[in-house]
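What follows is a set of notes on a single structure, which appears directly below.
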Amino acid sequence: MTPQPNPQVGAAVKAADRAHVFHSWSAQELIDPLAVAGAEGSYFWDYDGKRYLDFTSGLVFTNIGYQHPKVVAAIQEQAATLVTFAPAFAVEARSEAARLIAERTPGDLDKIFFTNGGAEAVENATRMARLHTGRPKVLSAYRSYHGATSAAINLTGDPRRWPSDNGAAGVVHFWGPFLYRSPFHSETELQESERALQHLEDTIAFEGPGTIAAVILETIPGTAGIMTPPPGYLAGVRTLCDRYGIVFILDEVMAGFGRTGKWFAADHYGVTPDLMTFAKGVNSGYVPLGGVAISGAVAETFARRPYPGGLTYSGHPLACAAAVATINVMEEEGIVDQAAYVGETVIGPGLRELASRHPSVGEVRGTGVFWALELVRDRETREPLVPYNAAGADNAPMAAFGAAAKAGGLWPFINMNRTHVVPPCNITEGEAKEGLAVLDEALALADEYVV
């Protein structure tokens with residue numbers, strides 16, 4: 001689709017937004033949202049006709065790109081057949097979506113509880129764990145994001161938690177593994193894995209194993225930095241949970257449905273959790289949908305005991321029809337394999353080549369179409385390019401980098417001192433190389449701040 005400039009309409013859209021839309025995570029008078037006219041595939045464009053290659057996949061959810069015709073058609077067909085229905089009934093789209101998801105989840109995660117998104121999935125997963133064990137506490141990592149609802153934001157480790165942390169949510173945070181900025185002074189991946197596991201076991205011991213319902217981890221942390229866990233870590237967490245009767249929850253809201261080059265990131269590590277949360281890529285974000293995949297043991301708890309939770313739009317027919325179509329498209333078009341291929345042959349090598357030439361790049365990490373560049377002022381000391389949770393003038397280097405990327409026609413995902421490379425799973429080799437070329441130019445701006 002060729003963008004057609006229409007600045008007058010764009011101005012009206014922008015004016016209405018500024019007058020009436022209250023945006024998330026924002027000081028309302030300090031933001032300047034772009035008015036988007038359309039999107040297709042890996043691109044979107046504004047009302048001036050400027051086109052951007054989307055290296056954010058929206059918020060890491062358009063795993064099959066924008067406006068895939070087969071998914072759009074499935075939504076239209078479902079709307080014409082049965083646009084909505086209450087969750088207590090068996091509905092074809094809902095049943096089929098659950099079947100297709102359960103076929104792809106690891107182990108015996110065969111029951112699917114549908115939600116409207118990832119945060120609600122985390123809310124319900126932790127509730128299930130607490131009811132299943134009869135214990136109050138949930139352990140989560142500092143470098144994490146689990147959502148913005150009450151339990152989910154308390155489980156979150158990043159600064160977005162701080163204003164809403166009530167200090168009484170039954171949440172205990174611990175350090176997960178991250179060799180580049182190891183809290184354990186590790187020098188190797190093996191040391192980091194062993195020391196992080198010992199730290200977690202010590203935390204369990206001092207909190208009291210009999211008080212802990214669950215440990216929740218993002219299989220590969222997303223917004224917190226795309227830190228792939230070292231070998232043996234997730235298997236070690238599984239062992240600890242089994243030892244102490246703790247429910248193991250993996251959050252695959254961002255990493256799931258092809259993002260890492262596997263259907264689920266857990267598939268890379270051969271680990272099956274007791275509960276797994278998902279959302280985003282399950283239907284490429286076309287209609288809000290999330291859920292919890294539930295193991296046989298946890299499901300059995302509620303076989304004859306009512307589960308005390310539910311949502312009016314649980315398994316909404318439009319959302320589930322979009323999920324069915326998305327999963328089928330991913331199979332038919334080999335999109336999961338495409339994500340693995342582009343990551344291995346184009347994005348990974350391309351980012352490492354950029355790192356060899358740009359002193360602002362401290363580390364490259366990732367898999368599939370799930371990558372991060374850690375930007376630094378000093379490679380030797382690993383001082384971040386901007387301070388933790390920087391804002392205003394302190395964030396100037398990252399702001400300059402982001403502006404340069406956008407000027408070059410690339411929309412970047414930026415969080416703190418990192419830029420993430422998270423395009424659609426079906427991005428082409430040519431599109432990926434186009435984005436890397438713009439990153440190359442933008443990193444020259446970041447290099448100016450290196451000491």
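Ligands are numbered from 1 in the order shown, chains are lettered A, B, ... in the order of the structure tokens, and residues start at 1 in each chain.
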
Need to verify the contact set: A:Ala151, 8 Å, only C-alpha atoms, exclusion of same-chain residues closer than 6 positions in sequence. Can you return it as a PyMOL selection string? chain A and resi 122-123+169

Only all heavy atoms, please: the residues just picked out, written as a PDB file, in the first residue's frame.
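out.pdb, written as the output of this step:
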```
ATOM      1  N   VAL A 122      -1.320 -12.819  34.047  1.00  0.00           N
ATOM      2  CA  VAL A 122      -0.456 -12.913  35.225  1.00  0.00           C
ATOM      3  C   VAL A 122      -1.286 -12.864  36.500  1.00  0.00           C
ATOM      4  O   VAL A 122      -1.032 -13.612  37.458  1.00  0.00           O
ATOM      5  CB  VAL A 122       0.603 -11.804  35.192  1.00  0.00           C
ATOM      6  CG1 VAL A 122       1.343 -11.695  36.524  1.00  0.00           C
ATOM      7  CG2 VAL A 122       1.591 -12.038  34.051  1.00  0.00           C
ATOM      8  N   GLU A 123      -2.276 -11.987  36.539  1.00  0.00           N
ATOM      9  CA  GLU A 123      -3.163 -11.914  37.707  1.00  0.00           C
ATOM     10  C   GLU A 123      -3.779 -13.281  38.008  1.00  0.00           C
ATOM     11  O   GLU A 123      -3.783 -13.746  39.152  1.00  0.00           O
ATOM     12  CB  GLU A 123      -4.295 -10.901  37.456  1.00  0.00           C
ATOM     13  CG  GLU A 123      -3.867  -9.452  37.397  1.00  0.00           C
ATOM     14  CD  GLU A 123      -3.719  -8.806  38.758  1.00  0.00           C
ATOM     15  OE1 GLU A 123      -4.340  -9.272  39.728  1.00  0.00           O
ATOM     16  OE2 GLU A 123      -2.965  -7.826  38.851  1.00  0.00           O
ATOM     17  N   ALA A 169       1.821  -6.821  48.967  1.00  0.00           N
ATOM     18  CA  ALA A 169       1.161  -7.646  47.952  1.00  0.00           C
ATOM     19  C   ALA A 169       1.614  -9.099  47.974  1.00  0.00           C
ATOM     20  O   ALA A 169       1.267  -9.871  47.094  1.00  0.00           O
ATOM     21  CB  ALA A 169       1.414  -7.054  46.563  1.00  0.00           C
TER      22      ALA A 169
END
```

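The environment of stretch 26-38 of chain A within 8 Å, counting only C-alpha atoms and disregarding residues fewer than 4 places along the same chain, consists of Pro3, Gly10, Val13, Lys14, Phe22, Phe44, Trp45, Asp46 and Tyr47 of chain A.
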
Residues just named, written with N, CA and C atoms as a CSV table (one decimal), in the first residue's frame:
```
chain,number,residue,atom,x,y,z
A,3,PRO,N,1.4,5.0,0.9
A,3,PRO,CA,0.9,6.1,1.7
A,3,PRO,C,0.4,7.3,0.9
A,10,GLY,N,-4.6,14.4,9.3
A,10,GLY,CA,-3.7,14.2,10.4
A,10,GLY,C,-3.7,15.2,11.5
A,13,VAL,N,-6.9,14.5,13.6
A,13,VAL,CA,-6.7,13.3,14.5
A,13,VAL,C,-5.8,13.7,15.7
A,14,LYS,N,-4.8,14.4,15.4
A,14,LYS,CA,-3.8,14.8,16.5
A,14,LYS,C,-4.6,15.8,17.5
A,22,PHE,N,-6.3,10.1,27.1
A,22,PHE,CA,-5.3,10.1,28.2
A,22,PHE,C,-4.4,8.9,28.0
A,44,PHE,N,4.6,1.2,9.0
A,44,PHE,CA,3.4,2.1,9.2
A,44,PHE,C,3.8,3.4,8.7
A,45,TRP,N,2.8,4.3,8.5
A,45,TRP,CA,3.1,5.7,8.0
A,45,TRP,C,2.2,6.7,8.6
A,46,ASP,N,2.6,8.0,8.5
A,46,ASP,CA,1.9,9.1,9.1
A,46,ASP,C,1.1,9.8,8.0
A,47,TYR,N,0.4,10.8,8.4
A,47,TYR,CA,-0.5,11.5,7.5
A,47,TYR,C,0.3,12.5,6.5
```

Could you tell me, as a ChimeraX atom specification, which residues of stretch 110-335 of chain A DSSP assigns to strand (DSSP E or B) when given the backbone? /A:111-115,137-141,171-174,212-218,247-251,275-278,290-294

Using only C-alpha atoms, please write the residues we just selected to a file, as a tab-separated table (two decimals), in the first residue's frame.
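What ended up in result02.tsv:
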```
chain	number	residue	atom	x	y	z
A	111	LYS	CA	-6.09	-26.32	29.67
A	112	ILE	CA	-6.41	-22.71	28.52
A	113	PHE	CA	-7.96	-19.90	30.56
A	114	PHE	CA	-8.52	-16.89	28.31
A	115	THR	CA	-8.04	-13.29	29.38
A	137	LYS	CA	3.93	-15.29	48.52
A	138	VAL	CA	5.13	-15.02	44.93
A	139	LEU	CA	8.78	-14.49	44.00
A	140	SER	CA	9.74	-12.50	40.91
A	141	ALA	CA	12.91	-11.01	39.45
A	171	VAL	CA	5.68	-10.26	46.49
A	172	VAL	CA	9.39	-10.86	47.08
A	173	HIS	CA	11.92	-9.81	44.45
A	174	PHE	CA	15.22	-11.53	43.73
A	212	ILE	CA	5.82	-19.39	48.82
A	213	ALA	CA	3.14	-20.19	46.25
A	214	ALA	CA	5.05	-19.46	43.05
A	215	VAL	CA	8.16	-18.28	41.31
A	216	ILE	CA	7.36	-16.27	38.18
A	217	LEU	CA	9.92	-15.51	35.49
A	218	GLU	CA	9.82	-14.17	31.99
A	247	VAL	CA	4.41	-23.50	41.38
A	248	PHE	CA	6.69	-22.46	38.50
A	249	ILE	CA	5.15	-19.78	36.25
A	250	LEU	CA	6.74	-18.75	32.97
A	251	ASP	CA	5.60	-15.45	31.48
A	275	LEU	CA	1.54	-22.35	34.42
A	276	MET	CA	2.42	-20.29	31.36
A	277	THR	CA	1.02	-16.86	30.52
A	278	PHE	CA	0.63	-15.61	26.96
A	290	GLY	CA	-4.27	-13.32	26.52
A	291	GLY	CA	-4.41	-16.39	28.66
A	292	VAL	CA	-2.96	-18.95	31.01
A	293	ALA	CA	-1.93	-22.44	29.91
A	294	ILE	CA	-2.51	-24.74	32.88
```

Among the residues of stretch 65-197 of chain A, find those DSSP assigns to alpha helix (DSSP H) from the backbone and print them as a VMD selection string. chain A and resid 69 to 81 92 to 104 118 to 133 150 to 155 189 to 197

Can you tell me, as number ranges by chain, what residues are no more than 9 Å from stretch 156-167 of chain A when counting only C-alpha atoms, ignoring any on the same chain fewer than 5 positions away? A: 25, 140-148, 150-151, 173, 224, 389

Residues of stretch 297-360 of chain A that approach stretch 379-387 of chain A to 12 Å or less, counting only C-alpha atoms: could you list each one with the shortest pair of atoms and its distance in Å to one decimal, rows by chain and increasing residue number, as a tab-separated table?
```
residue	atom	partner	partner_atom	distance
A:Ala355	CA	A:Arg379	CA	10.9
A:Ser356	CA	A:Arg379	CA	11.7
A:His358	CA	A:Arg379	CA	10.5
A:Pro359	CA	A:Arg379	CA	7.1
A:Ser360	CA	A:Arg379	CA	7.4
```

Based on the selection just made, write C-alpha atoms of those residues as a compact mmCIF listing (two decimals), in the first residue's frame.
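This is the output file selection-v1.txt:
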```
# COMPACT_ATOMS: atom_id res chain seq x y z
CA ALA A 355 29.04 -3.53 17.63
CA SER A 356 32.48 -4.04 16.11
CA HIS A 358 30.41 1.46 17.26
CA PRO A 359 32.05 1.96 20.66
CA SER A 360 28.66 2.84 22.17
```

The residue from A:Leu200, A:Met330, A:Leu318, A:Ala279 with the smallest atom-to-atom distance to A:Phe184, counting only C-alpha atoms, is A:Leu200

How close does each residue of stretch 274-300 of chain A get to stretch 416-428 of chain A, giving the shortest atom pair and distance in Å to one decimal for every residue with an atom at most 12 Å away, counting only C-alpha atoms, sorted by chain and residue number, as CSV?
```
residue,atom,partner,partner_atom,distance
A:Lys280,CA,A:Pro424,CA,11.8
A:Gly281,CA,A:Cys425,CA,9.5
A:Ser284,CA,A:Pro424,CA,9.1
A:Gly285,CA,A:Pro424,CA,11.6
```

Export of the given selection (N, CA and C atoms) as a CSV table (one decimal), in the first residue's frame:
```
chain,number,residue,atom,x,y,z
A,280,LYS,N,-0.3,-11.0,23.4
A,280,LYS,CA,0.4,-10.4,22.3
A,280,LYS,C,0.4,-11.2,21.0
A,281,GLY,N,1.5,-12.0,20.8
A,281,GLY,CA,1.7,-12.7,19.5
A,281,GLY,C,0.6,-13.8,19.2
A,284,SER,N,-1.3,-11.7,17.1
A,284,SER,CA,-0.6,-10.5,16.5
A,284,SER,C,-1.2,-9.2,17.0
A,285,GLY,N,-1.9,-9.3,18.1
A,285,GLY,CA,-2.5,-8.1,18.7
A,285,GLY,C,-3.7,-7.5,17.9
```

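Take atom CA of A:Gln198 and atom CA of A:Pro136: the distance between them is 22.4 Å.
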
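When only C-alpha atoms are used to measure the gap to A:Ala319, the shortest distance among A:Gln78, A:Thr149, A:Thr345, A:Thr272 belongs to A:Gln78.
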
Please list as a short mmCIF file (atom, residue, chain, number, x, y, z; two decimals) with N, CA and C atoms, in the first residue's frame every residue within 12 Å of A:Gly41, counting only C-alpha atoms and excluding residues in the same chain fewer than 6 positions away.
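So the final result, stored in result-v5.cif, reads:
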```cif
data_model
loop_
_atom_site.label_atom_id
_atom_site.label_comp_id
_atom_site.auth_asym_id
_atom_site.auth_seq_id
_atom_site.Cartn_x
_atom_site.Cartn_y
_atom_site.Cartn_z
N MET A 1 0.85 -1.20 0.00
CA MET A 1 0.00 0.00 0.00
C MET A 1 0.89 1.25 0.00
N ARG A 51 6.97 7.02 5.83
CA ARG A 51 6.84 5.62 6.17
C ARG A 51 7.96 5.19 7.13
N TYR A 52 7.62 4.34 8.09
CA TYR A 52 8.57 3.86 9.09
C TYR A 52 8.62 2.34 9.07
N LEU A 53 9.81 1.78 9.09
CA LEU A 53 9.99 0.36 9.32
C LEU A 53 9.87 0.13 10.83
N ASP A 54 8.95 -0.73 11.23
CA ASP A 54 8.63 -0.87 12.64
C ASP A 54 9.50 -1.94 13.29
N PHE A 55 10.54 -1.49 13.99
CA PHE A 55 11.41 -2.40 14.73
C PHE A 55 10.90 -2.60 16.16
N SER A 57 7.38 -3.82 16.48
CA SER A 57 6.18 -4.67 16.35
C SER A 57 5.05 -4.15 17.23
N GLY A 58 4.80 -2.85 17.15
CA GLY A 58 3.79 -2.22 18.01
C GLY A 58 4.34 -2.10 19.41
N THR A 62 2.90 -7.45 17.01
CA THR A 62 2.50 -7.75 15.62
C THR A 62 3.46 -8.79 15.03
N ASN A 63 3.37 -10.01 15.55
CA ASN A 63 4.31 -11.05 15.15
C ASN A 63 4.16 -11.46 13.69
N ILE A 64 3.00 -11.22 13.09
CA ILE A 64 2.83 -11.51 11.66
C ILE A 64 2.68 -10.22 10.86
N GLY A 65 3.08 -9.10 11.45
CA GLY A 65 2.98 -7.82 10.77
C GLY A 65 1.57 -7.26 10.80
N TYR A 66 1.43 -6.09 10.23
CA TYR A 66 0.13 -5.41 10.21
C TYR A 66 -0.74 -5.87 9.04
N GLN A 67 -2.02 -5.95 9.30
CA GLN A 67 -3.06 -6.14 8.26
C GLN A 67 -2.87 -7.41 7.43
N HIS A 68 -2.48 -8.50 8.08
CA HIS A 68 -2.37 -9.75 7.30
C HIS A 68 -3.76 -10.10 6.77
N PRO A 69 -3.90 -10.26 5.46
CA PRO A 69 -5.24 -10.40 4.87
C PRO A 69 -6.01 -11.62 5.38
N SER A 284 -1.32 -11.71 17.06
CA SER A 284 -0.61 -10.55 16.52
C SER A 284 -1.21 -9.23 16.99
N PRO A 423 11.35 -6.71 15.41
CA PRO A 423 10.43 -6.54 14.29
C PRO A 423 9.46 -7.72 14.19
N PRO A 424 8.50 -7.66 13.28
CA PRO A 424 7.63 -8.82 13.07
C PRO A 424 8.42 -10.09 12.77
N CYS A 425 7.85 -11.23 13.15
CA CYS A 425 8.53 -12.51 12.95
C CYS A 425 8.70 -12.84 11.47
N ASN A 426 7.86 -12.27 10.63
CA ASN A 426 7.95 -12.55 9.18
C ASN A 426 8.64 -11.42 8.42
N ILE A 427 9.47 -10.64 9.11
CA ILE A 427 10.25 -9.62 8.42
C ILE A 427 11.15 -10.29 7.39
N THR A 428 11.31 -9.65 6.24
CA THR A 428 12.16 -10.22 5.20
C THR A 428 13.62 -9.88 5.46
N GLU A 431 14.19 -6.25 4.46
CA GLU A 431 13.70 -5.29 5.44
C GLU A 431 14.61 -5.23 6.66
#
```
